[in-house]
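entry_26.cif follows; it contains mmCIF, C-alpha atoms.
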data_input
#
loop_
_atom_site.label_atom_id
_atom_site.label_comp_id
_atom_site.auth_asym_id
_atom_site.auth_seq_id
_atom_site.Cartn_x
_atom_site.Cartn_y
_atom_site.Cartn_z
CA MET F 1353 0.00 0.00 0.00
CA GLU F 1354 1.24 3.47 -0.82
CA PRO F 1355 1.90 5.75 2.13
CA LYS F 1356 -1.02 8.05 2.78
CA ASP F 1357 -0.67 11.81 2.43
CA GLU F 1358 -1.16 12.07 6.14
CA GLU F 1359 1.78 9.79 6.86
CA ILE F 1360 3.99 11.71 4.47
CA MET F 1361 2.95 14.92 6.15
CA LYS F 1362 3.69 13.47 9.55
CA GLN F 1363 7.17 12.55 8.45
CA GLN F 1364 7.64 16.00 6.97
CA ARG F 1365 6.60 17.55 10.26
CA GLU F 1366 9.21 15.56 12.11
CA ILE F 1367 11.94 16.79 9.79
CA GLU F 1368 10.67 20.35 10.14
CA LYS F 1369 10.72 20.05 13.89
CA GLU F 1370 14.38 19.08 13.81
CA VAL F 1371 15.26 22.12 11.68
CA CYS F 1372 13.18 24.28 13.98
CA ASP F 1373 14.92 23.14 17.14
CA SER F 1374 18.35 23.79 15.69
CA THR F 1375 17.99 27.23 13.99
CA PRO F 1376 16.36 30.46 15.12
CA LEU F 1377 13.87 32.07 12.72
CA VAL F 1378 16.33 34.92 12.23
CA SER F 1379 19.85 34.83 13.68
CA GLU F 1380 22.06 37.58 15.06
CA LYS F 1381 24.39 39.37 12.65
CA ILE F 1382 27.35 37.08 12.03
CA SER F 1383 30.65 37.84 10.32
CA LEU F 1384 30.38 36.78 6.68
CA SER F 1385 33.75 35.07 6.92
CA CYS F 1386 31.95 32.22 8.70
CA LEU F 1387 31.05 30.99 5.22
CA ARG F 1388 34.75 30.32 4.62
CA THR F 1389 34.74 27.68 7.33
CA GLU F 1390 31.49 26.25 6.11
CA TYR F 1391 32.85 25.65 2.59
CA MET F 1392 36.44 24.84 3.49
CA GLY F 1393 37.97 22.63 0.80
CA ASP F 1394 35.39 23.66 -1.76
CA ASP F 1395 37.42 25.62 -4.33
CA VAL F 1396 34.55 27.02 -6.35
CA PHE F 1397 32.67 28.35 -3.36
CA SER F 1398 35.82 29.51 -1.55
CA ALA F 1399 36.83 31.74 -4.47
CA LYS F 1400 33.35 33.19 -4.69
CA ILE F 1401 33.15 33.81 -0.95
CA GLN F 1402 36.46 35.69 -1.20
CA ASP F 1403 34.84 37.87 -3.87
CA LEU F 1404 31.72 38.38 -1.76
CA LEU F 1405 33.81 39.46 1.24
CA LYS F 1406 35.01 42.48 -0.74
CA LYS F 1407 31.47 43.83 -0.76
CA TYR F 1408 29.81 42.50 2.39
CA LYS F 1409 30.85 42.13 5.99
CA PHE F 1410 27.94 40.47 7.77
CA ILE F 1411 25.29 37.86 7.20
CA ARG F 1412 22.09 37.18 9.13
CA ARG F 1413 20.80 33.67 8.74
CA THR F 1414 17.16 32.71 8.42
CA ARG F 1415 15.60 29.37 9.20
CA PRO F 1416 15.53 27.13 6.11
CA ASP F 1417 11.81 26.40 6.25
CA GLY F 1418 10.73 27.41 2.76
CA ASN F 1419 9.71 30.86 4.02
CA CYS F 1420 13.27 32.19 4.07
CA PHE F 1421 12.90 34.64 1.20
CA PHE F 1422 9.81 36.29 2.63
CA ARG F 1423 11.18 36.36 6.17
CA ALA F 1424 14.58 37.67 5.09
CA PHE F 1425 13.00 40.30 2.88
CA ALA F 1426 10.61 41.53 5.58
CA TYR F 1427 13.30 41.68 8.25
CA SER F 1428 15.82 43.44 6.05
CA TYR F 1429 13.34 45.91 4.59
CA LEU F 1430 11.99 46.88 8.02
CA GLU F 1431 15.56 47.23 9.20
CA TYR F 1432 16.05 49.78 6.46
CA LEU F 1433 12.73 51.51 7.18
CA ILE F 1434 13.46 52.08 10.87
CA THR F 1435 16.39 54.25 9.84
CA ASN F 1436 14.48 56.17 7.19
CA TYR F 1437 11.36 57.85 8.48
CA THR F 1438 10.05 59.09 5.13
CA ALA F 1439 10.31 55.66 3.56
CA TYR F 1440 8.75 54.14 6.69
CA GLN F 1441 5.73 56.42 6.46
CA GLU F 1442 5.26 55.69 2.79
CA PHE F 1443 5.44 51.99 3.38
CA ARG F 1444 3.01 52.21 6.27
CA LYS F 1445 0.51 53.98 4.05
CA LEU F 1446 0.95 51.35 1.35
CA ALA F 1447 0.53 48.56 3.91
CA GLU F 1448 -2.56 50.19 5.37
CA SER F 1449 -4.29 50.42 1.98
CA SER F 1450 -3.15 46.99 0.78
CA LYS F 1451 -6.01 45.24 2.57
CA ASP F 1452 -8.77 46.93 0.58
CA LYS F 1453 -6.88 46.24 -2.58
CA LEU F 1454 -6.62 42.54 -1.80
CA VAL F 1455 -10.29 42.38 -0.88
CA GLU F 1456 -11.09 43.98 -4.22
CA LEU F 1457 -8.99 41.29 -5.91
CA GLY F 1458 -11.24 38.71 -4.31
CA PHE F 1459 -9.37 37.58 -1.18
CA PRO F 1460 -11.71 36.58 1.66
CA ARG F 1461 -12.11 39.67 3.84
CA PHE F 1462 -12.57 37.83 7.10
CA THR F 1463 -9.29 35.94 7.16
CA LEU F 1464 -7.40 38.70 5.39
CA GLU F 1465 -8.27 41.09 8.21
CA ASP F 1466 -6.66 38.81 10.75
CA PHE F 1467 -3.32 38.83 8.90
CA HIS F 1468 -3.51 42.49 8.03
CA GLU F 1469 -4.13 43.52 11.65
CA THR F 1470 -1.09 41.62 12.84
CA PHE F 1471 1.01 42.93 9.96
CA MET F 1472 0.08 46.51 10.84
CA GLU F 1473 0.75 45.85 14.51
CA VAL F 1474 4.29 44.77 13.65
CA ILE F 1475 4.86 47.85 11.51
CA LYS F 1476 3.57 50.12 14.27
CA ARG F 1477 5.78 48.48 16.86
CA VAL F 1478 8.86 49.60 14.95
CA ASP F 1479 7.69 53.16 14.26
CA PRO F 1480 10.91 55.24 14.21
CA ASP F 1481 9.03 58.29 15.47
CA CYS F 1482 8.09 56.77 18.81
CA THR F 1483 11.49 55.99 20.24
CA GLY F 1484 13.23 59.27 20.95
CA ALA F 1485 16.94 59.59 21.33
CA GLU F 1486 18.07 56.08 22.23
CA GLY F 1487 16.11 55.19 19.08
CA SER F 1488 17.46 52.83 16.55
CA GLU F 1489 19.10 50.28 18.80
CA LYS F 1490 15.87 49.80 20.71
CA LEU F 1491 13.90 49.42 17.48
CA GLN F 1492 16.46 46.96 16.21
CA ASN F 1493 15.97 44.82 19.31
CA GLU F 1494 12.22 45.06 19.02
CA LEU F 1495 12.36 44.00 15.37
CA HIS F 1496 14.61 41.08 16.19
CA GLN F 1497 12.33 39.95 18.97
CA ILE F 1498 9.19 40.18 16.82
CA PHE F 1499 10.75 38.18 14.02
CA ASN F 1500 11.80 35.40 16.34
CA GLU F 1501 8.33 35.05 17.78
CA GLN F 1502 6.78 32.38 15.60
CA GLY F 1503 3.24 33.77 15.70
CA TYR F 1504 4.13 37.29 14.56
CA SER F 1505 6.94 36.23 12.27
CA ASP F 1506 4.78 33.75 10.38
CA TYR F 1507 1.86 36.17 10.09
CA VAL F 1508 4.18 38.67 8.42
CA VAL F 1509 5.27 35.96 5.99
CA VAL F 1510 1.65 35.03 5.26
CA TYR F 1511 0.68 38.61 4.56
CA LEU F 1512 3.61 39.11 2.19
CA ARG F 1513 2.63 35.91 0.42
CA LEU F 1514 -0.88 37.29 -0.02
CA ILE F 1515 0.46 40.58 -1.40
CA THR F 1516 2.61 38.57 -3.81
CA SER F 1517 -0.33 36.43 -4.84
CA GLY F 1518 -2.45 39.54 -5.35
CA LYS F 1519 0.18 41.08 -7.61
CA LEU F 1520 0.33 37.90 -9.71
CA GLN F 1521 -3.41 38.02 -10.12
CA GLU F 1522 -3.50 41.72 -10.89
CA GLU F 1523 -0.94 41.32 -13.68
CA ALA F 1524 -1.70 37.75 -14.60
CA GLU F 1525 -1.00 38.24 -18.27
CA PHE F 1526 2.54 39.45 -17.61
CA TYR F 1527 3.42 36.89 -14.94
CA GLN F 1528 2.01 33.98 -16.92
CA ASN F 1529 5.19 34.19 -19.04
CA PHE F 1530 7.37 33.27 -16.05
CA ILE F 1531 5.50 30.13 -15.19
CA GLU F 1532 6.95 26.86 -16.38
CA GLY F 1533 4.83 23.88 -17.22
CA SER F 1534 1.10 23.88 -17.58
CA PHE F 1535 0.21 25.79 -14.39
CA THR F 1536 -2.26 28.61 -14.78
CA ILE F 1537 -1.56 31.72 -12.70
CA GLU F 1538 -4.51 30.76 -10.54
CA GLU F 1539 -3.11 27.30 -9.82
CA PHE F 1540 0.37 28.67 -9.27
CA ARG F 1541 -0.87 31.21 -6.72
CA HIS F 1542 -2.79 28.60 -4.76
CA GLN F 1543 -0.13 25.95 -4.91
CA GLU F 1544 3.20 27.78 -4.88
CA VAL F 1545 2.63 31.23 -3.41
CA GLU F 1546 -0.08 31.31 -0.76
CA PRO F 1547 0.75 28.12 1.18
CA MET F 1548 3.41 28.56 3.86
CA TYR F 1549 6.72 26.74 3.52
CA LYS F 1550 6.67 26.85 -0.30
CA GLU F 1551 10.00 28.06 -1.63
CA SER F 1552 10.30 31.26 -3.60
CA ASP F 1553 11.51 31.66 -7.12
CA HIS F 1554 12.27 34.74 -9.26
CA ILE F 1555 8.60 35.23 -9.97
CA HIS F 1556 7.77 35.57 -6.26
CA ILE F 1557 10.59 38.06 -5.78
CA ILE F 1558 9.67 40.20 -8.77
CA ALA F 1559 5.99 40.30 -7.85
CA LEU F 1560 6.62 41.19 -4.20
CA CYS F 1561 9.27 43.85 -4.91
CA THR F 1562 7.07 45.45 -7.53
CA ALA F 1563 4.00 45.42 -5.31
CA ILE F 1564 5.89 47.01 -2.42
CA GLY F 1565 8.18 49.20 -4.48
CA ALA F 1566 11.33 47.99 -2.76
CA GLY F 1567 14.56 47.16 -4.56
CA VAL F 1568 16.30 43.88 -3.70
CA ARG F 1569 19.76 42.72 -4.72
CA VAL F 1570 20.34 38.98 -4.63
CA GLU F 1571 23.91 37.63 -4.70
CA TYR F 1572 24.00 34.13 -6.13
CA LEU F 1573 26.52 31.84 -4.48
CA ASP F 1574 26.22 28.80 -6.70
CA ARG F 1575 28.22 26.49 -8.95
CA GLY F 1576 27.89 28.78 -11.95
CA GLU F 1577 31.03 29.59 -13.94
CA GLY F 1578 33.73 32.00 -12.80
CA SER F 1579 35.13 33.03 -9.46
CA THR F 1580 32.83 35.98 -8.87
CA VAL F 1581 29.38 36.01 -7.38
CA LYS F 1582 26.67 37.14 -9.77
CA ALA F 1583 24.17 39.66 -8.49
CA HIS F 1584 20.70 40.38 -9.73
CA ASP F 1585 18.56 43.39 -8.89
CA PHE F 1586 14.79 43.11 -8.55
CA PRO F 1587 13.02 44.93 -10.11
CA GLU F 1588 15.73 45.42 -12.72
CA GLY F 1589 17.44 48.80 -12.52
CA SER F 1590 16.11 49.65 -9.06
CA GLU F 1591 18.24 50.88 -6.20
CA PRO F 1592 18.56 48.03 -3.69
CA LYS F 1593 17.42 48.52 -0.10
CA VAL F 1594 17.53 44.85 0.75
CA TYR F 1595 20.56 42.61 0.15
CA LEU F 1596 20.19 38.86 0.14
CA ILE F 1597 22.50 35.96 -0.51
CA TYR F 1598 21.10 32.95 -2.33
CA ARG F 1599 22.62 29.55 -1.97
CA PRO F 1600 20.77 26.80 -3.83
CA GLY F 1601 17.49 26.46 -1.97
CA HIS F 1602 18.04 29.20 0.61
CA TYR F 1603 18.10 32.97 1.24
CA ASP F 1604 19.91 34.83 4.02
CA ILE F 1605 20.37 38.56 4.67
CA LEU F 1606 23.60 40.38 3.70
CA TYR F 1607 25.07 43.64 5.01
CA PRO F 1608 27.12 45.69 2.55
CA ASN F 1609 30.33 47.40 3.68
CA MET B 510 -2.84 31.66 27.09
CA SER B 511 -3.83 33.45 23.91
CA THR B 512 -1.75 32.37 20.94
CA PRO B 513 -2.32 33.39 17.30
CA ALA B 514 -3.88 29.98 16.63
CA ARG B 515 -6.31 30.23 19.54
CA ARG B 516 -7.19 33.82 18.78
CA ARG B 517 -7.86 32.92 15.19
CA LEU B 518 -10.00 29.91 16.19
CA MET B 519 -12.16 32.15 18.37
CA ARG B 520 -12.65 34.40 15.34
CA ASP B 521 -13.46 31.40 13.14
CA PHE B 522 -16.04 30.24 15.67
CA LYS B 523 -17.62 33.66 15.96
CA ARG B 524 -17.89 33.92 12.19
CA LEU B 525 -19.39 30.45 11.90
CA GLN B 526 -22.09 31.46 14.39
CA GLU B 527 -22.83 34.85 12.91
CA ASP B 528 -22.70 33.87 9.28
CA PRO B 529 -23.27 30.11 9.07
CA PRO B 530 -22.92 28.55 5.61
CA THR B 531 -25.80 26.33 4.49
CA GLY B 532 -25.57 22.71 5.47
CA VAL B 533 -22.56 22.74 7.77
CA SER B 534 -22.00 23.47 11.43
CA GLY B 535 -19.12 23.22 13.85
CA ALA B 536 -18.00 24.19 17.32
CA PRO B 537 -15.05 23.67 19.63
CA THR B 538 -15.38 20.84 22.14
CA ASP B 539 -16.23 21.87 25.69
CA ASN B 540 -12.81 22.08 27.18
CA ASN B 541 -10.48 22.39 24.21
CA ILE B 542 -10.61 25.02 21.50
CA MET B 543 -8.04 23.04 19.49
CA ILE B 544 -10.49 20.17 18.89
CA TRP B 545 -13.78 20.79 17.14
CA ASN B 546 -16.82 18.70 16.32
CA ALA B 547 -18.58 19.42 13.07
CA VAL B 548 -21.51 18.19 11.03
CA ILE B 549 -21.97 18.27 7.30
CA PHE B 550 -25.44 17.64 5.91
CA GLY B 551 -25.48 15.66 2.68
CA PRO B 552 -25.94 18.10 -0.23
CA HIS B 553 -29.32 18.08 -2.03
CA ASP B 554 -29.63 16.26 -5.33
CA THR B 555 -26.75 13.95 -4.49
CA PRO B 556 -26.88 10.43 -3.09
CA PHE B 557 -25.63 11.93 0.20
CA GLU B 558 -28.85 13.94 0.61
CA ASP B 559 -30.41 13.71 4.09
CA GLY B 560 -27.24 12.27 5.65
CA THR B 561 -25.79 13.96 8.72
CA PHE B 562 -22.09 13.28 8.73
CA LYS B 563 -20.06 13.97 11.83
CA LEU B 564 -16.44 15.05 11.73
CA THR B 565 -13.65 16.02 14.08
CA ILE B 566 -11.20 18.79 13.32
CA GLU B 567 -7.91 18.88 15.18
CA PHE B 568 -5.85 22.04 15.08
CA THR B 569 -2.25 22.60 16.11
CA GLU B 570 -0.63 25.80 17.32
CA GLU B 571 0.55 26.26 13.75
CA TYR B 572 -2.97 26.91 12.50
CA PRO B 573 -3.74 28.82 10.26
CA ASN B 574 -0.30 28.39 8.75
CA LYS B 575 -0.82 24.67 8.59
CA PRO B 576 -4.11 22.91 7.90
CA PRO B 577 -5.94 21.07 10.66
CA THR B 578 -6.50 17.31 10.54
CA VAL B 579 -10.07 16.66 9.51
CA ARG B 580 -11.67 13.25 9.81
CA PHE B 581 -15.13 11.84 9.33
CA VAL B 582 -16.40 10.10 12.43
CA SER B 583 -19.47 8.85 10.57
CA LYS B 584 -18.90 6.12 8.02
CA VAL B 585 -18.67 7.71 4.58
CA PHE B 586 -18.50 5.74 1.34
CA HIS B 587 -16.75 8.15 -1.00
CA PRO B 588 -13.84 7.94 -3.48
CA ASN B 589 -11.80 10.48 -1.48
CA VAL B 590 -12.48 9.30 2.06
CA TYR B 591 -10.25 6.66 3.65
CA ALA B 592 -11.65 3.77 5.64
CA ASP B 593 -10.57 5.49 8.88
CA GLY B 594 -12.43 8.69 7.94
CA GLY B 595 -9.34 10.59 6.72
CA ILE B 596 -10.05 12.89 3.78
CA CYS B 597 -8.01 13.26 0.63
CA LEU B 598 -8.59 16.86 -0.38
CA ASP B 599 -5.93 19.12 -1.86
CA ILE B 600 -6.76 22.17 0.24
CA LEU B 601 -6.19 20.10 3.38
CA GLN B 602 -2.77 19.10 2.11
CA ASN B 603 -0.51 20.76 -0.44
CA ARG B 604 -2.89 23.51 -1.48
CA TRP B 605 -3.73 24.74 1.96
CA SER B 606 -3.87 28.52 2.22
CA PRO B 607 -3.84 30.39 5.54
CA THR B 608 -6.79 32.38 4.17
CA TYR B 609 -9.07 29.37 4.64
CA ASP B 610 -11.06 29.26 7.84
CA VAL B 611 -13.24 26.54 9.38
CA SER B 612 -16.19 27.71 7.36
CA ALA B 613 -14.23 27.36 4.11
CA ILE B 614 -12.93 23.93 5.13
CA LEU B 615 -16.39 22.57 5.85
CA THR B 616 -17.95 23.96 2.67
CA SER B 617 -15.06 22.51 0.62
CA ILE B 618 -15.66 19.07 2.12
CA GLN B 619 -19.35 19.50 1.44
CA SER B 620 -18.66 20.14 -2.24
CA LEU B 621 -16.28 17.19 -2.31
CA LEU B 622 -19.27 15.02 -1.39
CA SER B 623 -21.12 16.31 -4.46
CA ASP B 624 -18.11 16.20 -6.77
CA PRO B 625 -15.77 13.32 -5.97
CA ASN B 626 -12.40 13.18 -7.64
CA PRO B 627 -12.11 9.51 -8.65
CA ASN B 628 -8.61 10.09 -10.06
CA SER B 629 -6.96 10.38 -6.66
CA PRO B 630 -8.84 7.71 -4.78
CA ALA B 631 -8.60 7.09 -1.04
CA ASN B 632 -11.19 4.36 -1.40
CA SER B 633 -10.50 2.57 -4.67
CA ASN B 634 -13.65 0.50 -4.46
CA ALA B 635 -15.77 3.65 -4.22
CA ALA B 636 -13.79 5.28 -7.02
CA GLN B 637 -14.27 2.32 -9.31
CA LEU B 638 -17.99 2.07 -8.64
CA TYR B 639 -18.34 5.83 -9.10
CA LYS B 640 -16.78 5.57 -12.55
CA GLU B 641 -18.18 2.27 -13.73
CA ASN B 642 -21.34 1.46 -11.86
CA ARG B 643 -23.04 4.59 -10.66
CA ARG B 644 -26.14 2.74 -9.48
CA GLU B 645 -24.23 0.46 -7.17
CA TYR B 646 -22.20 3.48 -5.96
CA GLU B 647 -25.38 5.34 -5.05
CA LYS B 648 -26.73 2.28 -3.28
CA ARG B 649 -23.61 2.04 -1.12
CA VAL B 650 -23.72 5.79 -0.40
CA LYS B 651 -27.37 5.60 0.62
CA ALA B 652 -26.53 2.79 3.00
CA CYS B 653 -24.06 5.06 4.81
CA VAL B 654 -26.62 7.89 4.76
CA GLU B 655 -28.98 5.64 6.69
CA GLN B 656 -26.18 4.56 8.97
CA SER B 657 -25.52 8.26 9.71
CA PHE B 658 -28.95 8.60 11.36
CA ILE B 659 -28.07 5.92 13.90
CA ASP B 660 -24.50 7.04 14.76
#

Encoded form (structure tokens):
Amino acid sequence: MEPKDEEIMKQQREIEKEVCDSTPLVSEKISLSCLRTEYMGDDVFSAKIQDLLKKYKFIRRTRPDGNCFFRAFAYSYLEYLITNYTAYQEFRKLAESSKDKLVELGFPRFTLEDFHETFMEVIKRVDPDCTGAEGSEKLQNELHQIFNEQGYSDYVVVYLRLITSGKLQEEAEFYQNFIEGSFTIEEFRHQEVEPMYKESDHIHIIALCTAIGAGVRVEYLDRGEGSTVKAHDFPEGSEPKVYLIYRPGHYDILYPN
Amino acid sequence: MSTPARRRLMRDFKRLQEDPPTGVSGAPTDNNIMIWNAVIFGPHDTPFEDGTFKLTIEFTEEYPNKPPTVRFVSKVFHPNVYADGGICLDILQNRWSPTYDVSAILTSIQSLLSDPNPNSPANSNAAQLYKENRREYEKRVKACVEQSFID
């Protein structure tokens, strides 16, 4: 007899639990040179890490649970916003109005409200205007704490997934071109975007960055040719506010020099 | 202690009471909001008509980021229901979205009763009869409808 879906899911849950117990949702800032030890003896990666070290000093790891892109993006973008009040206010306005937009696109209002409320609560908790002089360090701690609290952290991820899904629907004709195989946009959204723990691809990144209006630079540490790390900016030509490193299957946050 | 899962389940329950969908009902058990009892009434114009099918829904603290485990307690003869009451339905597995609530889960199961998917069978006998011998299929379904009155 074939294993039932439930049994497969149970097994999956056990694996997830192991990952969960061993890595925080978002780590402290760590020196990027730690990657050298991780890939010791691997010539291709070592050369590329050397190249990466010229541009970046620190890395912040995220839990490899399939949500890493969304979690890394949200953390890093909010980290930027708490130091830039104008951008923070603009983003807060965009976030506030995003709910009505998603309802208009056909998302169920009732459940959407739950995620939106929590999302807004997180944004308000890191309001740069409310801290006074000792400011940014306190906000930084607050942000770090929020993102390591599973409930809040996951709700932020869910809401970003919904924004991404909404963007795909809004510009379905355009995004259809990025989808491989016989998926329709509708199927892709329900199967690959909205469910938690589904990994992100270029299409997720482009849709989210465009919807939010935030530039992201991704550095690809992979087995591609050459001894330099290739970077890609999303959306193309934008000025990056968020820096991520991609290693096959996983995103972490980078800090430029 | 109020966790996101518990808070959300209270909201789900409130919504189910204020705006109940036709033909389904559900409520948390007396002392545990993480375990619910539910009933789905067999949809009209299907062989399940008049049946009252009981289910249990078990949530984890990861709800609504992960789907609950839903199981029929009543015996249900259906291509996508396992012998132990487990349900093979995509939105309860790989197509789960955190935007679904209890109301959406129950109405999806209700429509599964009307529209079985014999291509991913949990009960191969039911799937085969559904495809090849609809009369016998309906007879077997009606037997479990009658059984559902007694349970």

Name the residues captured by the PyMOL selection byres ((chain B and resi 597) around 12) when it is applied to the shown file; answer as a ChimeraX atom specification.
/F:1356-1358 /B:578-581,587-596,598-604,617-618,621-622,625-632

Residues of chain F within 12 Å of chain B, using only C-alpha atoms, as a PyMOL selection string?
chain F and resi 1353-1362+1364-1365+1369+1419+1454-1455+1458-1470+1501-1514+1517+1538-1550

Can you measure atom CA of Thr1536 of chain F to atom CA of Thr1562 of chain F for me? One decimal in Å is fine.
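It comes out at 20.6 Å.
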
Assuming the chain letters and numbering stay as they are in my file, what does the PyMOL selection byres ((chain B and resi 562) around 10) actually select? List them as a PyMOL selection string.
chain B and resi 533+547-551+557+559-561+563-564+581-585+619+653-654+656-658+660

Would you write out, as an mmCIF file with C-alpha atoms, keeping the file's coordinate frame, every residue that the PyMOL selection byres ((chain F and resi 1476-1480) around 9) captures in this file?
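out-v1.cif, freshly written:
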data_model
loop_
_atom_site.group_PDB
_atom_site.id
_atom_site.type_symbol
_atom_site.label_atom_id
_atom_site.label_comp_id
_atom_site.auth_asym_id
_atom_site.auth_seq_id
_atom_site.Cartn_x
_atom_site.Cartn_y
_atom_site.Cartn_z
ATOM 1 C CA LEU F 1430 11.990 46.880 8.020
ATOM 2 C CA LEU F 1433 12.730 51.510 7.180
ATOM 3 C CA ILE F 1434 13.460 52.080 10.870
ATOM 4 C CA THR F 1435 16.390 54.250 9.840
ATOM 5 C CA ASN F 1436 14.480 56.170 7.190
ATOM 6 C CA TYR F 1437 11.360 57.850 8.480
ATOM 7 C CA TYR F 1440 8.750 54.140 6.690
ATOM 8 C CA GLN F 1441 5.730 56.420 6.460
ATOM 9 C CA ARG F 1444 3.010 52.210 6.270
ATOM 10 C CA PHE F 1471 1.010 42.930 9.960
ATOM 11 C CA MET F 1472 0.080 46.510 10.840
ATOM 12 C CA GLU F 1473 0.750 45.850 14.510
ATOM 13 C CA VAL F 1474 4.290 44.770 13.650
ATOM 14 C CA ILE F 1475 4.860 47.850 11.510
ATOM 15 C CA ASP F 1481 9.030 58.290 15.470
ATOM 16 C CA CYS F 1482 8.090 56.770 18.810
ATOM 17 C CA THR F 1483 11.490 55.990 20.240
ATOM 18 C CA GLY F 1484 13.230 59.270 20.950
ATOM 19 C CA GLY F 1487 16.110 55.190 19.080
ATOM 20 C CA SER F 1488 17.460 52.830 16.550
ATOM 21 C CA LEU F 1491 13.900 49.420 17.480
ATOM 22 C CA GLN F 1492 16.460 46.960 16.210
ATOM 23 C CA GLU F 1494 12.220 45.060 19.020
ATOM 24 C CA LEU F 1495 12.360 44.000 15.370
ATOM 25 C CA ILE F 1498 9.190 40.180 16.820
#

Rank nothing, just name the residue among F:Pro1608, F:Gly1567, F:Gly1393, F:Gly1518 nearest to Val1594 of chain F, using all atoms listed in the file.
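Checking each of F:Pro1608, F:Gly1567, F:Gly1393, F:Gly1518 against Val1594 of chain F, counting all atoms listed in the file, the winner is F:Gly1567.
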
Point-to-point distance in Å for atom CA of His1584 of chain F and atom CA of Glu1571 of chain F
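It comes out at 6.6 Å.
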